[in-house]
Each structure stands twice: as structure tokens, then as C-alpha cells.
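Engineer: My structure is below; once you've seen it, I'll send some questions.
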There are 2 protein chains.
Amino acid sequence: MPQENGKPAGARARQRQQRIGQILAAAEQVFAEAGFGGASMSALAAAAGLPKANLHYYFGTKEALYRALLDSILDLWLSATDSIQPDADPAAALESYVRTKMLWSRTRPHASKVFANEVLHGATHLRSYMAGPLRALVREKSRVLEGWIAAGRMQPVDPPHLFFAIWAMTQTYADFSAQIAAVLERPELTPEDHATGTQTVLQLVLRGCGLACPAGPQAVPEA
Amino acid sequence: MPQENGKPAGARARQRQQRIGQILAAAEQVFAEAGFGGASMSALAAAAGLPKANLHYYFGTKEALYRALLDSILDLWLSATDSIQPDADPAAALESYVRTKMLWSRTRPHASKVFANEVLHGATHLRSYMAGPLRALVREKSRVLEGWIAAGRMQPVDPPHLFFAIWAMTQTYADFSAQIAAVLERPELTPEDHATGTQTVLQLVLRGCGLACPAGPQAVPEA
DNA sequence: ATGATTCTTGACCGTTTGGTCAGACTTCTC
DNA sequence: GAGAAGTCTGACCAAACGGTCAAGAATCAT
């Protein structure tokens, strides 16, 4: 009985996409936990529940699999809705940006760790991304902040360094979660920890820029 | 002619210490660039300018060498002068703390990266450090901050999360220097970049805590 | 149905890995 | 100066590594 299990036309392409996604998802976890050098093809295969040769069939080399994973993470990274627009309210825009970044740290910690690991070791595979879209994005958004500052809508800050600070503070809840959890005496970070973290980061960013900060611990967006 | 080259009594022990330091210094750089899994004993040996078997003579295994390196970094980390004391001025104390951390990021970036890499991958080798001295330190300093807050000397903040934020913002200038340099279009970070970063971090921390922030880019401590 | 195409996989290969070891060399003790 | 103790290192090893491949299985177009 052929195509018994709900396999209409084009099942091939769909199956392929699913397999690739399955491998990338496993790779995200393994690379996040072990780094590039520490992750072996056998470990990656085992995590994906597939024979090693199968990964080589889809991606060729370990290096290529790693680059494909980085690309998928970068897509997600850049697709983050960007609320920083010239005619937006500075406080609301920055708050939205911080909340988005914090949400991303909570829901995709492995992706954040893979990215962090790559940058930590020199960002060899991200040169074109950094010199291209990332640099352009920072330049564009920095101009927006400079406009706000010139209009007296917020205190003077060095815009690029403000971004570095926001990235660092928000991503630390993914990348350094082991340290934060250990200090807070928990096996792992809770949603409440993330909420407190969000509130703290918001306070530093908003007040640091001379803006009003919402005092209450607002509702956490759903996972 | 024995002990010709300035080798008085006890030259043995001193030579040993020097060799160990030489190996650890090389290991710091290699582990920072490649991670634990990516660093091979041959690479470590080459960086130290010694045959591979010599490293095994002093440290036994790669794992033991790595742990010894982590220990030496932790010593340095904890030895950072801590200005946060109950009777200190909050603004001055926090400023001093941030400046110390930033200085450390500039002068010992490799050490910071090794530490970051370890935490990123789960901090397996740092469990006792995190659950012990680090947790105790955060607890003690958090009480100081709570005292300041209760006395109305600074705005309310969650002290542990404030520390997480400060660690993240300052260490990012070592750990993520590749990203920052790429965005700023430089081959590597300059002292001026670190000065601007320090100023930005200080502004966020101090104003975020409702404290006055020194406006001018003060003198950078010498390397 | 049938031949072409795409997937799947166990077995295999050359290289590199972390680690060992015997023996040469240096320094210390007496 | 003789012997003990500590240091150094080239040669070597088993295991694990990333990667290959041929041959079978599944799916496709016609």
C-alpha cells in the first residue's frame, strides 16, 4: 500500500524540509551546549535521532551544517520587529525593543547561545553579517536616537553603545542563565526571574536615557 | 659550570612556577579563541612553545589544565577590589565597581572569554564557585544596596539583577568585542571605545538607580 | 509497470585526538 | 663525585573524529 500515511503529491519536498528542520533544531541544542569544537557529528546525529551519514547527506560537512544553523538564527534575529522609528515615542519604542529582546532570550535560549559562542570566538562565520546588515541596522537606528536627542526628547547617549548595553543585558538571561540561576539558587530561571530582569533592564535603560519608567511589573508576554 | 645563569638555591621551584605560568598564559589565549573542545593539546603546546608531553607532565590531562586555568581566573575575579560598602557613597561605589569591571575587560579579555565560554556551556566546572563564593558575594553586596535603598540614598532596584546587568554590560566589551568592533568599523576596540563604553554604562547604571552621573569622559585608568 | 531520482544507512577510511612511556638530561642532596 | 629526584621529549598507541561510499529502499514522473 503506497502512500498510506497521508502522503499526497509533493510529500517529498515537505519531508525534506521537515528533516532539515529536525536536524537544525537538534544542532541548535547540541552546539549551544558543547560549542562547535565540542559537538561531534555522532552527537548531533544522536540528538536528531538519525544516522550520522544522513546529516552528511543533507548538509555535506559539519561546517556547512553549522553555517546553515547560524543563517537560520540570523533570519530570526533580524526579523525581530523593530519599534524604533523617528515618529515613535522614545520610551515606548525602547521598552518594546527591550521586551522583544528579553522574550527572545526566554523562548530561544539555545539560539542565543550559539550566536554568543560564535561571537565569543571571533565571529569568523559572521563577518559579512556584522559588516553588512547588522552595521546598517545600528547606523539607521542610531540616527533615529540622535534625532530624538537633538529634539530634546531624551538625554544624550552614545547610540551604538546603548545598543551594545541593551544586547548585553537582555542576552545575558539566555547566555549566562547558568550563572544567574546559580546565584538565585534555582535549578533554572523561572518566568518570574525573567519578569524581574525585564523590569530591571527597563529601569536602567529608560531612566538612563532620562525617560519615565513604568513602575509596576507588567504582564509578561506569553511564551 | 653549574648554576651559571643566575640560578641560586631554589631555582627548581621558581623555574616550575614560571613554566606553569607560561603554559597557563598560552592556554588562556587558545581556550579563549577556540573553546575547550576546539583547543587541541598540540595547539596549546605550540602556543606555549613547549612539546605536548611537557604540558601533560605538569597538568596530567587537558581537563586538569583547563580547571587550573579557570581557578587562576577565578582568583583574579574575586580579588577585584570591592568598593561596595555600607558607609560608602552609592554613586561613587557603583562608579568604582563599573570602572574596575571595564578595566578588567580591557586588560584581560582572554580571561573573560574563557569564563564566559564556561558559563555559556553550563558552567559544569564552576558549580562550586557559583554556589559558594559568588553567591555569598552577591548576597552580601545585595544587602548593602538594600540598606542604601531603605535609607533613601538610591532608587529601588532588585540588587542581584542590577549585578547581572552590570556584569553583562561590562563584560560584553571583552566577550563580544568582535561584534562591537565590527559595528564600529574597526579592526579592534580602541581605548577611546572603552572610554565611551564606560561612560555609557555608568550613565545607565547611575541614572537608572536615581543617582547623579559625572558627565565628562573622565581620564581612563592606565592599562 | 518501469526506469529515473531521491533518500537512507551500515560499514569503512585516513587523520587527528588526548594520553602514555622509556630513556636522556638537569638539578639537588649528601 | 655519586646517586637520588625532578624535568624533558620523541616516539608511540588506542580511540574518536569528520567524512565517504556502495547498495538497498522509497518515491517520483510517465
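Ordering of the C-alpha cells sets the chain letters (A, B, ...), residue numbers begin anew at 1 in every chain, and ligands are numbered from 1 in the order given.
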Using only C-alpha atoms (C1' of nucleotides), select each residue of chain B with any atom at most 9 Å away from an atom of chain D, and give the selection as a PyMOL selection string.
Structural biologist: chain B and resi 12+51-54+57
Engineer: Could you write those residues out with N, CA and C atoms, as a PDB file, in the first residue's frame?
Structural biologist:
ATOM      1  N   ARG B  12      64.869  25.500  41.170  1.00  0.00           N
ATOM      2  CA  ARG B  12      63.942  24.473  40.699  1.00  0.00           C
ATOM      3  C   ARG B  12      62.484  24.935  40.829  1.00  0.00           C
ATOM      4  N   PRO B  51      56.918  21.154  24.025  1.00  0.00           N
ATOM      5  CA  PRO B  51      56.381  19.912  23.477  1.00  0.00           C
ATOM      6  C   PRO B  51      55.136  19.487  24.249  1.00  0.00           C
ATOM      7  N   LYS B  52      54.277  18.812  23.528  1.00  0.00           N
ATOM      8  CA  LYS B  52      52.994  18.409  24.086  1.00  0.00           C
ATOM      9  C   LYS B  52      53.141  17.615  25.385  1.00  0.00           C
ATOM     10  N   ALA B  53      54.098  16.703  25.385  1.00  0.00           N
ATOM     11  CA  ALA B  53      54.275  15.839  26.558  1.00  0.00           C
ATOM     12  C   ALA B  53      54.623  16.648  27.802  1.00  0.00           C
ATOM     13  N   ASN B  54      55.192  17.826  27.581  1.00  0.00           N
ATOM     14  CA  ASN B  54      55.572  18.660  28.717  1.00  0.00           C
ATOM     15  C   ASN B  54      54.332  19.188  29.443  1.00  0.00           C
ATOM     16  N   TYR B  57      53.085  16.542  31.514  1.00  0.00           N
ATOM     17  CA  TYR B  57      53.899  16.351  32.715  1.00  0.00           C
ATOM     18  C   TYR B  57      53.411  17.260  33.844  1.00  0.00           C
TER      19      TYR B  57
END
Engineer: For chain C, work out the contacting residues on chain B at 8 Å, counting only C-alpha atoms (C1' of nucleotides), and write them as a VMD selection string.
Structural biologist: chain B and resid 12 40 to 41 61 to 62
Engineer: Let's have the selection written as a short mmCIF file (atom, residue, chain, number, x, y, z; two decimals), in the first residue's frame, with N, CA, C and O atoms.
Structural biologist:
data_model
loop_
_atom_site.label_atom_id
_atom_site.label_comp_id
_atom_site.auth_asym_id
_atom_site.auth_seq_id
_atom_site.Cartn_x
_atom_site.Cartn_y
_atom_site.Cartn_z
N ARG B 12 64.87 25.50 41.17
CA ARG B 12 63.94 24.47 40.70
C ARG B 12 62.48 24.94 40.83
O ARG B 12 61.73 24.95 39.86
N SER B 40 43.17 22.01 20.90
CA SER B 40 43.84 20.71 20.98
C SER B 40 45.12 20.84 21.80
O SER B 40 45.70 21.94 21.90
N MET B 41 45.53 19.75 22.36
CA MET B 41 46.75 19.77 23.17
C MET B 41 47.94 20.21 22.33
O MET B 41 48.83 20.91 22.82
N THR B 61 46.14 15.98 32.51
CA THR B 61 45.16 15.90 31.42
C THR B 61 44.77 17.29 30.94
O THR B 61 45.02 18.30 31.61
N LYS B 62 44.14 17.33 29.79
CA LYS B 62 43.64 18.58 29.24
C LYS B 62 42.59 19.18 30.18
O LYS B 62 42.58 20.38 30.45
#
Engineer: What residues in chain A have any atom no more than 7 Å from chain B when counting only C-alpha atoms, and can you write them as number ranges by chain?
Structural biologist: A: 32-34, 37-38, 113, 119-123, 130-131, 135, 157-158, 161-162, 165, 168-169, 172, 175-176, 178-179, 182-183, 197, 200, 203-205, 207-208
Engineer: Find the distance between atom CA of Pro86 of chain B and atom CA of Arg99 of chain B and write it in Å to one decimal.
Structural biologist: 19.1 Å
Engineer: Interatomic distance between atom CA of Ala195 of chain B and atom CA of Tyr97 of chain B?
Structural biologist: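 Between these atoms lies a distance of 14.9 Å.
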